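Q: I'd like to ask you about the structure that follows.
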Amino acid sequence: MFDRVFIVVLDSLGIGHAEDAANFGDSGAHTLKSVMSARPKLPNLAQLGLFNIKKAELLDFAVESPKGCFGFAEELSNGKDTTVGHWEIAGLISKQALPTYPDGFPKEIIDRFCKENNTQILCNKPYSGTEVIKDFGDEHVKTGKPIVYTSADSVFQIAAHEEVIPLSRLYALCESAREILAGEHGVGRVIARPFLGDSGNYYRTGNRHDYSLEPTGITLLDRLKESGLDVISVGKIGDIFAGRGITERFPTKGNSQGEEILLSMADRDFKGLCFVNLVDFDSVYGHRNDISGYAKALEQFDGVLGEFISKMRDNDLIIITADHGCDPGTAGTDHTRENIPIIAYARNIKSMDLGGFKGYTCIAKTICDIFNIENDFHGESFLKTVTKGGDRHVENA
């Protein structure tokens, strides 16, 4: 049936607020709707059925005869960040929210970090990543103290000028923080945020590195690797899963590099999964409220998608999805609790409306079905529906 499966996560491309969005302060959020206000040209995504998803309420952009299978999934995990979103795609539901620090990290954590690394720190508050280097960059350059900050997500971030704190030292600081932040303070990610430039003109570089909490249970990646299949990660996938369940890893510095690797994988022989994250949608555009930039990046991916489709083999399946929302049209800059698109395409499947799924885990269930892997992941596979045709029980379609 399928020998190669490609999951492409358009990081943060939510398609409308979830039913429980009010609990997260995200009523009315709709990342894709905000992006479409810039009227990007997305012929390939449209042809696969992105705008035919009724739940997204963007039927003005829909095509009459889509070529892909299309639907949506609701998140079951207690969170709206990268870590829990990707873990749920891979079959792992996080019922307990990862810790966040709206008032900064507690004194005992900061004191231990400073003592173990013989340093003092700046900030220790929730902050926008670009604003924090604007506000603390000069003092950092003058004193050499790393800038420690967080956000609405479960993250401990360290910003440092590459000419003040070399990358090797910054990464060592992050590794130390990752060891400290365990147990009740086990944040989802410790993130190195290097930057360059001069006063008033600081800018973040592409040398970011994430140090993730190891998944708290078995994931799709573990099951695939145990079965002797290839599990190829592109972008920050390797970091999100702390390297677990992965057979080959391709880190990237942005969408363009990730898209190039995706195209190269279409020409390569392997059996198993190629799992791709395109991070710029979230980190460069969503968090910066840059609707125009988000739209242009989506246009660029749409062009790459067309090229990828032309390279697809008869035994290939591509699943295009997201991990949460980050609505650039809202006043805030944080992630938003949204449903995600489920777009599936292969040369030998019939187009249809898949409707709604309870849990991003439907993706893990489907891939396990493809490779005949026993699992106890929650949710429903859509493999038989897309390969044999016919209707499934459609929720909130």
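Residues are referred to by chain and number: the chain letter is A, B, ... according to the order shown in the structure tokens, the number counts from 1 in that chain, and ligands are numbered separately from 1 in the order shown.
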Quick one: residues within 10 Å of Val5 (chain A), only C-alpha atoms, excluding same-chain residues fewer than 2 positions away - as a list in words?
A: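 Contacts, in chain order: Phe2, Asp3, Ile7, Val8, Val231, Phe270, Lys271, Gly272, Leu273, Cys274, Phe275, Asn315, Asp316, Leu317, Ile318, Ile319, Ala346, Ile367, Ile370 and Phe371 of chain A.
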Q: Would you list the contacts of Pro43 (chain A) as a tab-separated table (two decimals) with all heavy atoms, in the first residue's frame, taking every protein, DNA or RNA residue within 9 Å and counting only C-alpha atoms, but skipping same-chain residues closer than 4 positions in sequence?
A:
chain	number	residue	atom	x	y	z
A	47	GLN	N	-6.26	22.69	-3.94
A	47	GLN	CA	-6.61	21.49	-4.69
A	47	GLN	C	-6.64	20.25	-3.79
A	47	GLN	O	-7.39	19.30	-4.06
A	47	GLN	CB	-5.62	21.27	-5.84
A	47	GLN	CG	-5.87	22.15	-7.05
A	47	GLN	CD	-7.21	21.84	-7.71
A	47	GLN	OE1	-7.64	20.70	-7.78
A	47	GLN	NE2	-7.88	22.88	-8.20
A	48	LEU	N	-5.85	20.24	-2.74
A	48	LEU	CA	-5.88	19.10	-1.82
A	48	LEU	C	-7.03	19.18	-0.82
A	48	LEU	O	-7.26	18.24	-0.07
A	48	LEU	CB	-4.55	18.98	-1.07
A	48	LEU	CG	-3.32	18.66	-1.93
A	48	LEU	CD1	-2.14	18.29	-1.04
A	48	LEU	CD2	-3.59	17.54	-2.93
A	299	GLU	N	2.63	30.83	0.68
A	299	GLU	CA	2.73	30.77	-0.79
A	299	GLU	C	3.98	30.00	-1.22
A	299	GLU	O	3.94	29.21	-2.16
A	299	GLU	CB	2.77	32.18	-1.38
A	299	GLU	CG	1.43	32.86	-1.45
A	299	GLU	CD	1.50	34.18	-2.21
A	299	GLU	OE1	2.61	34.76	-2.32
A	299	GLU	OE2	0.45	34.64	-2.70
A	302	ASP	N	3.42	26.39	-0.73
A	302	ASP	CA	2.48	25.89	-1.72
A	302	ASP	C	3.21	25.56	-3.03
A	302	ASP	O	2.92	24.54	-3.67
A	302	ASP	CB	1.38	26.92	-1.98
A	302	ASP	CG	0.24	26.35	-2.79
A	302	ASP	OD1	-0.67	25.74	-2.19
A	302	ASP	OD2	0.26	26.47	-4.03
A	303	GLY	N	4.16	26.39	-3.41
A	303	GLY	CA	4.95	26.09	-4.60
A	303	GLY	C	5.79	24.84	-4.43
A	303	GLY	O	5.88	24.01	-5.35
A	306	GLY	N	3.61	21.76	-4.74
A	306	GLY	CA	3.36	21.36	-6.11
A	306	GLY	C	4.50	20.54	-6.69
A	306	GLY	O	4.27	19.53	-7.38
Q: Contacts of Thr366 (chain A) at 7 Å or less, counting only C-alpha atoms, minus same-chain residues fewer than 3 places along, as a list in words?
A: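 Neighbouring residues, sequence-local ones excluded: Cys362, Ile363, Asp369, Ile370, Ser381, Phe382 and Leu383 of chain A.
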Q: Can I get the selection written as a compact mmCIF listing (two decimals), in the first residue's frame, with C-alpha atoms?
A:
# COMPACT_ATOMS: atom_id res chain seq x y z
CA CYS A 362 -5.69 10.03 14.47
CA ILE A 363 -2.44 10.55 12.54
CA ASP A 369 -2.36 0.88 10.40
CA ILE A 370 -0.30 1.49 7.28
CA SER A 381 -7.40 5.67 11.96
CA PHE A 382 -8.58 7.07 8.65
CA LEU A 383 -6.62 4.58 6.52
Q: Provide the CA of Leu58 (chain A) to CA of Leu42 (chain A) distance in Å, to one decimal place.
A: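 It comes out at 13.1 Å.
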Q: Can you tell me which residues surround region 155-159 of chain A at a distance of at most 7 Å, considering only C-alpha atoms, apart from same-chain residues fewer than 6 positions away, and format the answer as a list in words?
A: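 My reading of the contact set: Pro146, Ile147, Val148, Tyr149, Val187, Gly188, Arg189, Val190, Ile191, Ala192, Arg193 and Pro194 of chain A.
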Q: Go ahead and save the residues from that selection, with N, CA, C and O atoms, as a JSON list (two decimals), in the first residue's frame.
A:
[["chain", "number", "residue", "atom", "x", "y", "z"],
["A", 146, "PRO", "N", 23.82, 36.21, 30.69],
["A", 146, "PRO", "CA", 22.81, 35.69, 29.76],
["A", 146, "PRO", "C", 21.42, 36.21, 30.12],
["A", 146, "PRO", "O", 21.12, 36.50, 31.28],
["A", 147, "ILE", "N", 20.58, 36.33, 29.11],
["A", 147, "ILE", "CA", 19.20, 36.79, 29.29],
["A", 147, "ILE", "C", 18.31, 35.55, 29.40],
["A", 147, "ILE", "O", 18.19, 34.78, 28.46],
["A", 148, "VAL", "N", 17.69, 35.38, 30.55],
["A", 148, "VAL", "CA", 16.79, 34.25, 30.78],
["A", 148, "VAL", "C", 15.35, 34.77, 30.79],
["A", 148, "VAL", "O", 15.03, 35.73, 31.48],
["A", 149, "TYR", "N", 14.50, 34.13, 29.99],
["A", 149, "TYR", "CA", 13.11, 34.55, 29.94],
["A", 149, "TYR", "C", 12.22, 33.37, 29.58],
["A", 149, "TYR", "O", 12.69, 32.29, 29.23],
["A", 187, "VAL", "N", 9.94, 21.72, 32.38],
["A", 187, "VAL", "CA", 9.36, 22.49, 31.27],
["A", 187, "VAL", "C", 9.50, 21.70, 29.96],
["A", 187, "VAL", "O", 10.37, 20.83, 29.82],
["A", 188, "GLY", "N", 8.63, 22.02, 29.02],
["A", 188, "GLY", "CA", 8.64, 21.30, 27.75],
["A", 188, "GLY", "C", 9.95, 21.46, 27.00],
["A", 188, "GLY", "O", 10.49, 20.50, 26.44],
["A", 189, "ARG", "N", 10.47, 22.71, 26.98],
["A", 189, "ARG", "CA", 11.69, 22.95, 26.21],
["A", 189, "ARG", "C", 12.56, 23.99, 26.89],
["A", 189, "ARG", "O", 12.07, 24.97, 27.45],
["A", 190, "VAL", "N", 13.86, 23.76, 26.82],
["A", 190, "VAL", "CA", 14.87, 24.78, 27.08],
["A", 190, "VAL", "C", 15.38, 25.19, 25.70],
["A", 190, "VAL", "O", 15.72, 24.33, 24.89],
["A", 191, "ILE", "N", 15.41, 26.50, 25.43],
["A", 191, "ILE", "CA", 15.72, 26.95, 24.08],
["A", 191, "ILE", "C", 16.87, 27.94, 24.08],
["A", 191, "ILE", "O", 16.83, 28.96, 24.80],
["A", 192, "ALA", "N", 17.91, 27.64, 23.29],
["A", 192, "ALA", "CA", 19.01, 28.59, 23.05],
["A", 192, "ALA", "C", 18.55, 29.59, 22.00],
["A", 192, "ALA", "O", 18.12, 29.21, 20.91],
["A", 193, "ARG", "N", 18.67, 30.89, 22.33],
["A", 193, "ARG", "CA", 18.20, 31.95, 21.43],
["A", 193, "ARG", "C", 19.35, 32.92, 21.13],
["A", 193, "ARG", "O", 19.40, 34.04, 21.63],
["A", 194, "PRO", "N", 20.30, 32.51, 20.29],
["A", 194, "PRO", "CA", 21.43, 33.40, 19.99],
["A", 194, "PRO", "C", 21.04, 34.57, 19.10],
["A", 194, "PRO", "O", 20.09, 34.47, 18.31]]
Q: Check the smallest atom-to-atom distance from each of A:Tyr294, A:Phe105, A:Phe250, A:Tyr202 to Asp282 (chain A) using only C-alpha atoms, then report the winner.
A: A:Tyr294
Q: For a quick check of understanding, using only C-alpha atoms, which of A:Leu196, A:Leu305, A:Val234, A:Ala331 has the smallest distance to Asp290 (chain A)?
A: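 Under the stated criterion, the closest residue is A:Ala331.
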Q: Do you know which residues are at most 10 Å from Arg39 (chain A) counting only C-alpha atoms, after dropping those on the same chain fewer than 3 positions away, and could you put them as a PyMOL selection string?
A: chain A and resi 33-36+42+61+292+295-296+299
Q: Do a neighbour search on region 77-88 of chain A at 8 Å with only C-alpha atoms, toss out local chain neighbours closer than 3 positions, and write the hits as a ChimeraX atom specification.
A: /A:11,91-98,153-154,188-189,212,215,219,240-241,323-325,335-337,359-361
Q: Please produce an output containing N, CA, C and O atoms for each residue in the selection, written as an mmCIF file, in the first residue's frame.
A:
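Okay, out-v7.cif is ready:
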data_model
loop_
_atom_site.group_PDB
_atom_site.id
_atom_site.type_symbol
_atom_site.label_atom_id
_atom_site.label_comp_id
_atom_site.auth_asym_id
_atom_site.auth_seq_id
_atom_site.Cartn_x
_atom_site.Cartn_y
_atom_site.Cartn_z
ATOM 1 N N ASP A 11 3.882 24.613 11.144
ATOM 2 C CA ASP A 11 3.887 24.956 12.565
ATOM 3 C C ASP A 11 2.989 26.163 12.842
ATOM 4 O O ASP A 11 3.245 27.257 12.363
ATOM 5 N N GLY A 91 0.746 10.231 18.938
ATOM 6 C CA GLY A 91 -0.007 9.268 19.734
ATOM 7 C C GLY A 91 -0.015 9.469 21.232
ATOM 8 O O GLY A 91 -0.684 8.731 21.948
ATOM 9 N N LEU A 92 0.709 10.459 21.732
ATOM 10 C CA LEU A 92 0.853 10.643 23.176
ATOM 11 C C LEU A 92 0.042 11.855 23.639
ATOM 12 O O LEU A 92 0.348 12.995 23.287
ATOM 13 N N ILE A 93 -0.996 11.610 24.435
ATOM 14 C CA ILE A 93 -1.841 12.672 24.961
ATOM 15 C C ILE A 93 -1.305 13.112 26.322
ATOM 16 O O ILE A 93 -1.062 12.285 27.203
ATOM 17 N N SER A 94 -1.120 14.420 26.490
ATOM 18 C CA SER A 94 -0.590 14.980 27.734
ATOM 19 C C SER A 94 -1.749 15.542 28.554
ATOM 20 O O SER A 94 -2.196 16.665 28.319
ATOM 21 N N LYS A 95 -2.228 14.753 29.508
ATOM 22 C CA LYS A 95 -3.364 15.196 30.322
ATOM 23 C C LYS A 95 -2.964 16.258 31.339
ATOM 24 O O LYS A 95 -3.763 17.118 31.711
ATOM 25 N N GLN A 96 -1.727 16.186 31.804
ATOM 26 C CA GLN A 96 -1.253 17.171 32.779
ATOM 27 C C GLN A 96 -0.487 18.261 32.050
ATOM 28 O O GLN A 96 0.437 17.981 31.282
ATOM 29 N N ALA A 97 -0.871 19.497 32.281
ATOM 30 C CA ALA A 97 -0.207 20.611 31.600
ATOM 31 C C ALA A 97 1.252 20.717 32.037
ATOM 32 O O ALA A 97 1.583 20.516 33.209
ATOM 33 N N LEU A 98 2.115 21.028 31.095
ATOM 34 C CA LEU A 98 3.505 21.291 31.429
ATOM 35 C C LEU A 98 3.584 22.619 32.175
ATOM 36 O O LEU A 98 2.793 23.532 31.927
ATOM 37 N N ASP A 153 4.184 29.715 27.010
ATOM 38 C CA ASP A 153 4.450 28.291 26.858
ATOM 39 C C ASP A 153 5.373 27.789 27.956
ATOM 40 O O ASP A 153 5.962 28.563 28.703
ATOM 41 N N SER A 154 5.513 26.469 27.996
ATOM 42 C CA SER A 154 6.375 25.842 28.990
ATOM 43 C C SER A 154 7.811 25.827 28.465
ATOM 44 O O SER A 154 8.306 24.811 27.972
ATOM 45 N N GLY A 188 8.633 22.022 29.020
ATOM 46 C CA GLY A 188 8.644 21.301 27.749
ATOM 47 C C GLY A 188 9.945 21.461 26.997
ATOM 48 O O GLY A 188 10.486 20.503 26.445
ATOM 49 N N ARG A 189 10.467 22.705 26.978
ATOM 50 C CA ARG A 189 11.685 22.953 26.215
ATOM 51 C C ARG A 189 12.564 23.992 26.893
ATOM 52 O O ARG A 189 12.069 24.974 27.452
ATOM 53 N N SER A 212 14.493 19.451 24.551
ATOM 54 C CA SER A 212 13.135 19.094 24.970
ATOM 55 C C SER A 212 13.112 18.083 26.106
ATOM 56 O O SER A 212 14.040 17.287 26.279
ATOM 57 N N PRO A 215 9.722 12.522 25.808
ATOM 58 C CA PRO A 215 8.308 12.135 25.860
ATOM 59 C C PRO A 215 7.992 11.267 27.065
ATOM 60 O O PRO A 215 8.789 10.391 27.449
ATOM 61 N N THR A 219 5.650 6.662 21.857
ATOM 62 C CA THR A 219 5.122 7.414 20.727
ATOM 63 C C THR A 219 5.185 6.576 19.445
ATOM 64 O O THR A 219 5.815 5.519 19.390
ATOM 65 N N ILE A 240 12.134 18.013 19.516
ATOM 66 C CA ILE A 240 10.851 17.869 20.211
ATOM 67 C C ILE A 240 10.725 16.501 20.877
ATOM 68 O O ILE A 240 10.146 16.372 21.954
ATOM 69 N N PHE A 241 11.291 15.471 20.235
ATOM 70 C CA PHE A 241 11.215 14.121 20.780
ATOM 71 C C PHE A 241 12.518 13.714 21.483
ATOM 72 O O PHE A 241 12.715 12.536 21.786
ATOM 73 N N ASP A 323 0.294 21.890 14.564
ATOM 74 C CA ASP A 323 0.467 21.432 15.947
ATOM 75 C C ASP A 323 -0.290 22.291 16.958
ATOM 76 O O ASP A 323 -0.422 21.914 18.116
ATOM 77 N N HIS A 324 -0.789 23.437 16.535
ATOM 78 C CA HIS A 324 -1.550 24.379 17.367
ATOM 79 C C HIS A 324 -1.817 25.591 16.488
ATOM 80 O O HIS A 324 -1.521 25.568 15.283
ATOM 81 N N GLY A 325 -2.324 26.658 17.038
ATOM 82 C CA GLY A 325 -2.461 27.899 16.311
ATOM 83 C C GLY A 325 -1.504 28.951 16.845
ATOM 84 O O GLY A 325 -0.897 28.785 17.907
ATOM 85 N N HIS A 335 0.738 31.327 21.394
ATOM 86 C CA HIS A 335 0.020 30.275 20.699
ATOM 87 C C HIS A 335 -1.470 30.363 21.011
ATOM 88 O O HIS A 335 -1.869 30.891 22.056
ATOM 89 N N THR A 336 -2.282 29.820 20.115
ATOM 90 C CA THR A 336 -3.730 29.825 20.304
ATOM 91 C C THR A 336 -4.265 28.398 20.216
ATOM 92 O O THR A 336 -3.780 27.581 19.445
ATOM 93 N N ARG A 337 -5.274 28.124 21.032
ATOM 94 C CA ARG A 337 -5.892 26.795 21.101
ATOM 95 C C ARG A 337 -6.840 26.635 19.911
ATOM 96 O O ARG A 337 -7.936 27.206 19.900
ATOM 97 N N GLY A 359 -8.837 14.237 18.755
ATOM 98 C CA GLY A 359 -7.436 13.933 19.034
ATOM 99 C C GLY A 359 -6.574 13.981 17.790
ATOM 100 O O GLY A 359 -6.919 13.408 16.756
ATOM 101 N N TYR A 360 -5.452 14.680 17.905
ATOM 102 C CA TYR A 360 -4.457 14.681 16.830
ATOM 103 C C TYR A 360 -3.908 13.267 16.619
ATOM 104 O O TYR A 360 -3.258 12.975 15.615
ATOM 105 N N THR A 361 -4.176 12.399 17.583
ATOM 106 C CA THR A 361 -3.682 11.016 17.555
ATOM 107 C C THR A 361 -4.186 10.220 16.364
ATOM 108 O O THR A 361 -3.670 9.129 16.085
#
Q: Each residue of region 160-270 of chain A lying at most 9 Å from region 112-122 of chain A should get a row with its shortest atom-to-atom pair and the distance in Å to one decimal, counting only C-alpha atoms; could you produce that, ordered by chain and increasing number, as JSON lines?
A:
{"residue": "A:Leu173", "atom": "CA", "partner": "A:Asn117", "partner_atom": "CA", "distance": 7.0}
{"residue": "A:Ser176", "atom": "CA", "partner": "A:Phe113", "partner_atom": "CA", "distance": 7.3}
{"residue": "A:Ala177", "atom": "CA", "partner": "A:Phe113", "partner_atom": "CA", "distance": 6.5}
{"residue": "A:Ile180", "atom": "CA", "partner": "A:Phe113", "partner_atom": "CA", "distance": 7.3}
Q: Under the rule that only C-alpha atoms are counted, which of A:Lys311, A:Glu175, A:Gly14, A:His140 is the nearest residue to His161 (chain A)?
A: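 Checking each candidate against His161 (chain A), we get A:His140 as the closest.
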Q: If DSSP is run on the backbone, what residues of region 184-257 of chain A are strand (DSSP E)? A reply as number ranges by chain would be ideal.
A: A: 189-196, 203-204, 209-212, 230-234, 248-250
Q: Residues at most 9 Å from Thr330 (chain A), counting only C-alpha atoms, excluding those fewer than 6 positions away in the same chain, as a list in words?
A: Ala29, His30, Thr31, Ser34 and Asn289 of chain A
Q: Run DSSP on the backbone of this structure and report the residues of region 221-368 of chain A it assigns to alpha helix (DSSP H), as number ranges by chain.
A: A: 221-226, 237-240, 255-266, 280, 291-311, 362-368
Q: Under the rule that only C-alpha atoms are counted, which of A:Phe195, A:Ile133, A:Met1, A:Phe6 is the nearest residue to Met265 (chain A)?
A: A:Phe6
Q: Which of these residues is nearest to Cys123 (chain A), using only C-alpha atoms: A:Thr143, A:Ser37, A:Ser256, A:Thr150?
A: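 Checking each of A:Thr143, A:Ser37, A:Ser256, A:Thr150 against Cys123 (chain A), counting only C-alpha atoms, the winner is A:Thr150.
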Q: Using CA of Thr247 (chain A) and CA of Arg268 (chain A) as the two end points, give the distance in Å to one decimal.
A: 15.0 Å
Q: Just checking: using only C-alpha atoms, which residue out of A:Ala90, A:Ile373, A:Leu50, A:Leu32 ends up closest to Ala344 (chain A)?
A: A:Leu50
